[in-house]
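Structure file data.pdb; described as PDB, N, CA and C atoms.
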```
ATOM      1  N   MET C   1       0.859  -1.182   0.000
ATOM      2  CA  MET C   1       0.000   0.000   0.000
ATOM      3  C   MET C   1       0.903   1.242   0.000
ATOM      4  N   SER C   2       0.564   2.202  -0.862
ATOM      5  CA  SER C   2       1.356   3.418  -0.940
ATOM      6  C   SER C   2       1.025   4.345   0.227
ATOM      7  N   ILE C   3       1.870   5.309   0.443
ATOM      8  CA  ILE C   3       1.649   6.276   1.529
ATOM      9  C   ILE C   3       0.384   7.092   1.296
ATOM     10  N   ILE C   4       0.059   7.381   0.041
ATOM     11  CA  ILE C   4      -1.161   8.131  -0.272
ATOM     12  C   ILE C   4      -2.387   7.303   0.093
ATOM     13  N   GLN C   5      -2.361   6.014  -0.213
ATOM     14  CA  GLN C   5      -3.479   5.146   0.153
ATOM     15  C   GLN C   5      -3.625   5.068   1.669
ATOM     16  N   GLU C   6      -2.512   4.969   2.385
ATOM     17  CA  GLU C   6      -2.564   4.903   3.838
ATOM     18  C   GLU C   6      -3.147   6.195   4.422
ATOM     19  N   LEU C   7      -2.750   7.327   3.886
ATOM     20  CA  LEU C   7      -3.261   8.609   4.378
ATOM     21  C   LEU C   7      -4.756   8.742   4.124
ATOM     22  N   SER C   8      -5.222   8.244   2.990
ATOM     23  CA  SER C   8      -6.637   8.369   2.675
ATOM     24  C   SER C   8      -7.495   7.476   3.571
ATOM     25  N   LEU C   9      -6.909   6.456   4.180
ATOM     26  CA  LEU C   9      -7.643   5.551   5.066
ATOM     27  C   LEU C   9      -7.714   6.061   6.498
ATOM     28  N   GLN C  10      -6.892   7.037   6.826
ATOM     29  CA  GLN C  10      -6.876   7.546   8.187
ATOM     30  C   GLN C  10      -8.138   8.350   8.478
ATOM     31  N   THR C  11      -8.614   8.217   9.706
ATOM     32  CA  THR C  11      -9.782   8.971  10.141
ATOM     33  C   THR C  11      -9.368  10.392  10.455
ATOM     34  N   PRO C  12     -10.122  11.367   9.964
ATOM     35  CA  PRO C  12      -9.789  12.756  10.302
ATOM     36  C   PRO C  12      -9.875  12.963  11.812
ATOM     37  N   PRO C  13      -9.058  13.843  12.354
ATOM     38  CA  PRO C  13      -9.108  14.068  13.799
ATOM     39  C   PRO C  13     -10.440  14.693  14.199
ATOM     40  N   LYS C  14     -10.860  14.388  15.426
ATOM     41  CA  LYS C  14     -12.088  15.000  15.934
ATOM     42  C   LYS C  14     -11.833  16.487  16.124
ATOM     43  N   PRO C  15     -12.853  17.301  15.871
ATOM     44  CA  PRO C  15     -12.665  18.743  16.038
ATOM     45  C   PRO C  15     -12.453  19.105  17.511
ATOM     46  N   ASP C  16     -11.740  20.168  17.731
ATOM     47  CA  ASP C  16     -11.484  20.682  19.069
ATOM     48  C   ASP C  16     -12.736  21.398  19.574
ATOM     49  N   ARG C  17     -13.196  21.066  20.772
ATOM     50  CA  ARG C  17     -14.431  21.606  21.332
ATOM     51  C   ARG C  17     -14.409  23.129  21.393
ATOM     52  N   ASP C  18     -13.323  23.700  21.876
ATOM     53  CA  ASP C  18     -13.246  25.160  21.991
ATOM     54  C   ASP C  18     -13.305  25.834  20.623
ATOM     55  N   GLU C  19     -12.688  25.209  19.635
ATOM     56  CA  GLU C  19     -12.719  25.758  18.281
ATOM     57  C   GLU C  19     -14.146  25.707  17.720
ATOM     58  N   VAL C  20     -14.860  24.615  18.001
ATOM     59  CA  VAL C  20     -16.239  24.489  17.530
ATOM     60  C   VAL C  20     -17.134  25.513  18.223
ATOM     61  N   VAL C  21     -16.967  25.682  19.533
ATOM     62  CA  VAL C  21     -17.755  26.687  20.266
ATOM     63  C   VAL C  21     -17.506  28.070  19.673
ATOM     64  N   HIS C  22     -16.254  28.396  19.456
ATOM     65  CA  HIS C  22     -15.899  29.707  18.890
ATOM     66  C   HIS C  22     -16.525  29.876  17.504
ATOM     67  N   TRP C  23     -16.415  28.852  16.674
ATOM     68  CA  TRP C  23     -16.972  28.899  15.322
ATOM     69  C   TRP C  23     -18.482  29.103  15.377
ATOM     70  N   LEU C  24     -19.176  28.312  16.201
ATOM     71  CA  LEU C  24     -20.631  28.444  16.340
ATOM     72  C   LEU C  24     -21.009  29.829  16.844
ATOM     73  N   HIS C  25     -20.260  30.303  17.823
ATOM     74  CA  HIS C  25     -20.514  31.614  18.422
ATOM     75  C   HIS C  25     -20.471  32.710  17.356
ATOM     76  N   LEU C  26     -19.422  32.700  16.555
ATOM     77  CA  LEU C  26     -19.286  33.720  15.513
ATOM     78  C   LEU C  26     -20.362  33.575  14.432
ATOM     79  N   HIS C  27     -20.693  32.348  14.062
ATOM     80  CA  HIS C  27     -21.714  32.146  13.031
ATOM     81  C   HIS C  27     -23.095  32.585  13.496
ATOM     82  N   VAL C  28     -23.439  32.297  14.731
ATOM     83  CA  VAL C  28     -24.740  32.729  15.248
ATOM     84  C   VAL C  28     -24.783  34.250  15.336
ATOM     85  N   ALA C  29     -23.720  34.850  15.840
ATOM     86  CA  ALA C  29     -23.676  36.316  15.929
ATOM     87  C   ALA C  29     -23.818  36.952  14.544
ATOM     88  N   THR C  30     -23.132  36.394  13.566
ATOM     89  CA  THR C  30     -23.213  36.910  12.198
ATOM     90  C   THR C  30     -24.619  36.730  11.630
ATOM     91  N   ALA C  31     -25.212  35.552  11.832
ATOM     92  CA  ALA C  31     -26.564  35.290  11.319
ATOM     93  C   ALA C  31     -27.585  36.251  11.920
ATOM     94  N   LEU C  32     -27.354  36.646  13.173
ATOM     95  CA  LEU C  32     -28.279  37.541  13.862
ATOM     96  C   LEU C  32     -27.923  39.019  13.686
ATOM     97  N   SER C  33     -26.827  39.285  12.992
ATOM     98  CA  SER C  33     -26.309  40.652  12.843
ATOM     99  C   SER C  33     -26.084  41.296  14.217
ATOM    100  N   GLU C  34     -25.504  40.518  15.099
ATOM    101  CA  GLU C  34     -25.196  40.976  16.460
ATOM    102  C   GLU C  34     -23.692  40.908  16.683
ATOM    103  N   SER C  35     -23.228  41.596  17.703
ATOM    104  CA  SER C  35     -21.833  41.444  18.101
ATOM    105  C   SER C  35     -21.699  40.113  18.830
ATOM    106  N   SER C  36     -20.509  39.562  18.841
ATOM    107  CA  SER C  36     -20.324  38.284  19.536
ATOM    108  C   SER C  36     -20.595  38.422  21.036
ATOM    109  N   GLU C  37     -20.402  39.618  21.580
ATOM    110  CA  GLU C  37     -20.670  39.843  23.001
ATOM    111  C   GLU C  37     -22.166  39.714  23.314
ATOM    112  N   ALA C  38     -23.005  39.936  22.326
ATOM    113  CA  ALA C  38     -24.453  39.867  22.519
ATOM    114  C   ALA C  38     -24.980  38.434  22.481
ATOM    115  N   VAL C  39     -24.135  37.493  22.101
ATOM    116  CA  VAL C  39     -24.556  36.094  21.988
ATOM    117  C   VAL C  39     -23.907  35.294  23.107
ATOM    118  N   ASP C  40     -24.739  34.793  24.000
ATOM    119  CA  ASP C  40     -24.272  33.980  25.131
ATOM    120  C   ASP C  40     -24.215  32.527  24.692
ATOM    121  N   VAL C  41     -23.051  31.913  24.788
ATOM    122  CA  VAL C  41     -22.874  30.530  24.337
ATOM    123  C   VAL C  41     -23.538  29.517  25.272
ATOM    124  N   ASN C  42     -24.071  29.985  26.392
ATOM    125  CA  ASN C  42     -24.667  29.074  27.373
ATOM    126  C   ASN C  42     -26.192  29.084  27.391
ATOM    127  N   VAL C  43     -26.820  29.871  26.522
ATOM    128  CA  VAL C  43     -28.293  29.878  26.477
ATOM    129  C   VAL C  43     -28.752  28.951  25.356
ATOM    130  N   PRO C  44     -29.967  28.410  25.462
ATOM    131  CA  PRO C  44     -30.463  27.511  24.416
ATOM    132  C   PRO C  44     -30.555  28.213  23.056
ATOM    133  N   LEU C  45     -30.265  27.463  22.022
ATOM    134  CA  LEU C  45     -30.330  27.991  20.656
ATOM    135  C   LEU C  45     -31.708  28.522  20.305
ATOM    136  N   THR C  46     -32.744  27.978  20.901
ATOM    137  CA  THR C  46     -34.103  28.435  20.598
ATOM    138  C   THR C  46     -34.288  29.912  20.938
ATOM    139  N   LYS C  47     -33.475  30.464  21.809
ATOM    140  CA  LYS C  47     -33.561  31.888  22.184
ATOM    141  C   LYS C  47     -33.053  32.809  21.075
ATOM    142  N   PHE C  48     -32.315  32.263  20.112
ATOM    143  CA  PHE C  48     -31.697  33.088  19.083
ATOM    144  C   PHE C  48     -32.578  33.329  17.861
ATOM    145  N   ASP C  49     -33.666  32.602  17.727
ATOM    146  CA  ASP C  49     -34.605  32.809  16.628
ATOM    147  C   ASP C  49     -33.921  32.697  15.257
ATOM    148  N   LEU C  50     -33.135  31.642  15.078
ATOM    149  CA  LEU C  50     -32.512  31.393  13.784
ATOM    150  C   LEU C  50     -33.574  30.890  12.809
ATOM    151  N   ASP C  51     -33.443  31.248  11.540
ATOM    152  CA  ASP C  51     -34.399  30.744  10.559
ATOM    153  C   ASP C  51     -33.799  29.547   9.812
ATOM    154  N   SER C  52     -34.590  28.961   8.936
ATOM    155  CA  SER C  52     -34.153  27.747   8.239
ATOM    156  C   SER C  52     -32.949  27.997   7.332
ATOM    157  N   VAL C  53     -32.876  29.158   6.727
ATOM    158  CA  VAL C  53     -31.732  29.476   5.858
ATOM    159  C   VAL C  53     -30.452  29.558   6.692
ATOM    160  N   ASP C  54     -30.526  30.231   7.848
ATOM    161  CA  ASP C  54     -29.366  30.301   8.747
ATOM    162  C   ASP C  54     -28.930  28.899   9.158
ATOM    163  N   SER C  55     -29.906  28.081   9.482
ATOM    164  CA  SER C  55     -29.634  26.734   9.950
ATOM    165  C   SER C  55     -28.946  25.884   8.886
ATOM    166  N   VAL C  56     -29.452  25.937   7.666
ATOM    167  CA  VAL C  56     -28.857  25.168   6.568
ATOM    168  C   VAL C  56     -27.445  25.667   6.278
ATOM    169  N   MET C  57     -27.274  26.963   6.228
ATOM    170  CA  MET C  57     -25.942  27.524   5.950
ATOM    171  C   MET C  57     -24.938  27.118   7.033
ATOM    172  N   MET C  58     -25.366  27.183   8.284
ATOM    173  CA  MET C  58     -24.462  26.794   9.370
ATOM    174  C   MET C  58     -24.105  25.317   9.285
ATOM    175  N   ALA C  59     -25.076  24.466   8.992
ATOM    176  CA  ALA C  59     -24.813  23.027   8.905
ATOM    177  C   ALA C  59     -23.836  22.717   7.769
ATOM    178  N   VAL C  60     -24.050  23.343   6.615
ATOM    179  CA  VAL C  60     -23.161  23.115   5.464
ATOM    180  C   VAL C  60     -21.754  23.632   5.766
ATOM    181  N   ASP C  61     -21.659  24.855   6.278
ATOM    182  CA  ASP C  61     -20.350  25.437   6.589
ATOM    183  C   ASP C  61     -19.624  24.643   7.673
ATOM    184  N   LEU C  62     -20.379  24.193   8.664
ATOM    185  CA  LEU C  62     -19.774  23.427   9.745
ATOM    186  C   LEU C  62     -19.230  22.099   9.228
ATOM    187  N   GLU C  63     -19.995  21.444   8.357
ATOM    188  CA  GLU C  63     -19.522  20.179   7.794
ATOM    189  C   GLU C  63     -18.267  20.394   6.951
ATOM    190  N   LYS C  64     -18.234  21.465   6.180
ATOM    191  CA  LYS C  64     -17.037  21.774   5.383
ATOM    192  C   LYS C  64     -15.840  22.032   6.285
ATOM    193  N   ARG C  65     -16.053  22.795   7.350
ATOM    194  CA  ARG C  65     -14.948  23.198   8.221
ATOM    195  C   ARG C  65     -14.417  22.059   9.078
ATOM    196  N   PHE C  66     -15.325  21.244   9.635
ATOM    197  CA  PHE C  66     -14.913  20.230  10.609
ATOM    198  C   PHE C  66     -15.110  18.789  10.134
ATOM    199  N   SER C  67     -15.592  18.596   8.903
ATOM    200  CA  SER C  67     -15.827  17.256   8.348
ATOM    201  C   SER C  67     -16.744  16.417   9.224
ATOM    202  N   VAL C  68     -17.738  17.078   9.808
ATOM    203  CA  VAL C  68     -18.712  16.388  10.655
ATOM    204  C   VAL C  68     -20.102  16.697  10.108
ATOM    205  N   PRO C  69     -20.849  15.655   9.737
ATOM    206  CA  PRO C  69     -22.200  15.901   9.229
ATOM    207  C   PRO C  69     -23.135  16.356  10.343
ATOM    208  N   VAL C  70     -23.873  17.419  10.078
ATOM    209  CA  VAL C  70     -24.814  17.967  11.052
ATOM    210  C   VAL C  70     -26.114  18.259  10.323
ATOM    211  N   HIS C  71     -27.214  17.834  10.908
ATOM    212  CA  HIS C  71     -28.515  18.119  10.310
ATOM    213  C   HIS C  71     -28.903  19.552  10.666
ATOM    214  N   PRO C  72     -29.359  20.337   9.708
ATOM    215  CA  PRO C  72     -29.722  21.740   9.971
ATOM    216  C   PRO C  72     -30.767  21.910  11.079
ATOM    217  N   GLU C  73     -31.608  20.920  11.253
ATOM    218  CA  GLU C  73     -32.651  21.007  12.272
ATOM    219  C   GLU C  73     -32.073  21.169  13.684
ATOM    220  N   LEU C  74     -30.838  20.734  13.858
ATOM    221  CA  LEU C  74     -30.182  20.873  15.163
ATOM    222  C   LEU C  74     -30.176  22.323  15.632
ATOM    223  N   PHE C  75     -30.039  23.248  14.707
ATOM    224  CA  PHE C  75     -29.967  24.661  15.062
ATOM    225  C   PHE C  75     -31.334  25.319  15.221
ATOM    226  N   LEU C  76     -32.361  24.667  14.715
ATOM    227  CA  LEU C  76     -33.708  25.243  14.788
ATOM    228  C   LEU C  76     -34.479  24.807  16.024
ATOM    229  N   ASN C  77     -34.342  23.561  16.393
ATOM    230  CA  ASN C  77     -35.152  23.005  17.472
ATOM    231  C   ASN C  77     -34.342  22.665  18.711
ATOM    232  N   ALA C  78     -33.179  23.222  18.809
ATOM    233  CA  ALA C  78     -32.290  22.848  19.902
ATOM    234  C   ALA C  78     -32.612  23.591  21.188
ATOM    235  N   ASP C  79     -32.869  22.816  22.223
ATOM    236  CA  ASP C  79     -32.974  23.413  23.550
ATOM    237  C   ASP C  79     -31.598  23.375  24.208
ATOM    238  N   LYS C  80     -30.600  23.066  23.385
ATOM    239  CA  LYS C  80     -29.218  23.003  23.849
ATOM    240  C   LYS C  80     -28.507  24.323  23.560
ATOM    241  N   SER C  81     -27.511  24.601  24.365
ATOM    242  CA  SER C  81     -26.693  25.798  24.163
ATOM    243  C   SER C  81     -25.645  25.525  23.089
ATOM    244  N   LEU C  82     -24.949  26.566  22.673
ATOM    245  CA  LEU C  82     -23.862  26.400  21.711
ATOM    246  C   LEU C  82     -22.780  25.475  22.267
ATOM    247  N   VAL C  83     -22.530  25.564  23.559
ATOM    248  CA  VAL C  83     -21.528  24.697  24.191
ATOM    249  C   VAL C  83     -21.986  23.239  24.117
ATOM    250  N   GLU C  84     -23.259  22.990  24.390
ATOM    251  CA  GLU C  84     -23.783  21.617  24.332
ATOM    252  C   GLU C  84     -23.809  21.090  22.906
ATOM    253  N   VAL C  85     -24.133  21.951  21.946
ATOM    254  CA  VAL C  85     -24.103  21.549  20.539
ATOM    255  C   VAL C  85     -22.667  21.206  20.136
ATOM    256  N   ALA C  86     -21.706  22.003  20.560
ATOM    257  CA  ALA C  86     -20.295  21.720  20.259
ATOM    258  C   ALA C  86     -19.892  20.367  20.834
ATOM    259  N   ASP C  87     -20.354  20.061  22.038
ATOM    260  CA  ASP C  87     -20.049  18.753  22.632
ATOM    261  C   ASP C  87     -20.592  17.622  21.762
ATOM    262  N   LEU C  88     -21.829  17.790  21.267
ATOM    263  CA  LEU C  88     -22.427  16.775  20.396
ATOM    264  C   LEU C  88     -21.621  16.626  19.099
ATOM    265  N   ILE C  89     -21.239  17.746  18.523
ATOM    266  CA  ILE C  89     -20.486  17.735  17.265
ATOM    267  C   ILE C  89     -19.145  17.041  17.454
ATOM    268  N   CYS C  90     -18.503  17.283  18.564
ATOM    269  CA  CYS C  90     -17.188  16.681  18.818
ATOM    270  C   CYS C  90     -17.280  15.180  19.076
ATOM    271  N   LYS C  91     -18.460  14.693  19.421
ATOM    272  CA  LYS C  91     -18.660  13.259  19.632
ATOM    273  C   LYS C  91     -19.081  12.540  18.357
ATOM    274  N   THR C  92     -19.487  13.295  17.337
ATOM    275  CA  THR C  92     -19.950  12.721  16.073
ATOM    276  C   THR C  92     -18.752  12.291  15.234
ATOM    277  N   PRO C  93     -18.777  11.077  14.692
ATOM    278  CA  PRO C  93     -17.668  10.641  13.827
ATOM    279  C   PRO C  93     -17.558  11.553  12.595
ATOM    280  N   ALA C  94     -16.337  11.833  12.205
ATOM    281  CA  ALA C  94     -16.098  12.667  11.025
ATOM    282  C   ALA C  94     -16.541  11.933   9.765
ATOM    283  N   ALA C  95     -16.912  12.722   8.755
ATOM    284  CA  ALA C  95     -17.393  12.140   7.484
ATOM    285  C   ALA C  95     -16.222  11.650   6.655
TER
END
```
Give the structure from this file in structure tokens form.
Amino acid sequence: MSIIQELSLQTPPKPDRDEVVHWLHLHVATALSESSEAVDVNVPLTKFDLDSVDSVMMAVDLEKRFSVPVHPELFLNADKSLVEVADLICKTPAA
């Protein structure tokens, strides 16, 4: 087996929780046209009133950035905080 084949078989590393929290924090703030200081990472996502377009864009961008598949509905119906969502994402196997 060549080195390229071996590299392609390796599992991508799990994303770093703090990096995911930071990424989510900035994306939610941007989607809401708010400063990052206005977005508390410890309140449930349902408090942010994200719409379906925001949710789909975040899911697609997050999958591109961290190679972790995420269903957009996670951002719409989540009674979880950004920190709790990051924990879930970090436990999900990479694509």
### Query
Separation of atom CA of Ala31 of chain C and atom C of Pro15 of chain C, in Å?
22.3 Å
### Task
Please identify which residues in chain C DSSP calls alpha helix (DSSP H) from the backbone, and express them as a count of residues only.
51
### Picked residues, the PyMOL selection byres ((chain C and resi 71-75) around 8), as number ranges by chain
C: 45-46, 49-52, 54-60, 68-70, 76-80, 85
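The coordinates place atom CA of Pro44 of chain C at 24.0 Å from atom CA of Ser67 of chain C.
Take atom C of Leu32 of chain C and atom N of Phe48 of chain C: the distance between them is 10.3 Å.
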### Task
Go through C:Leu82, C:Val53, C:Val43, C:Leu62 and flag the residue nearest His25 of chain C, using only N, CA and C atoms for the distances.
C:Leu82
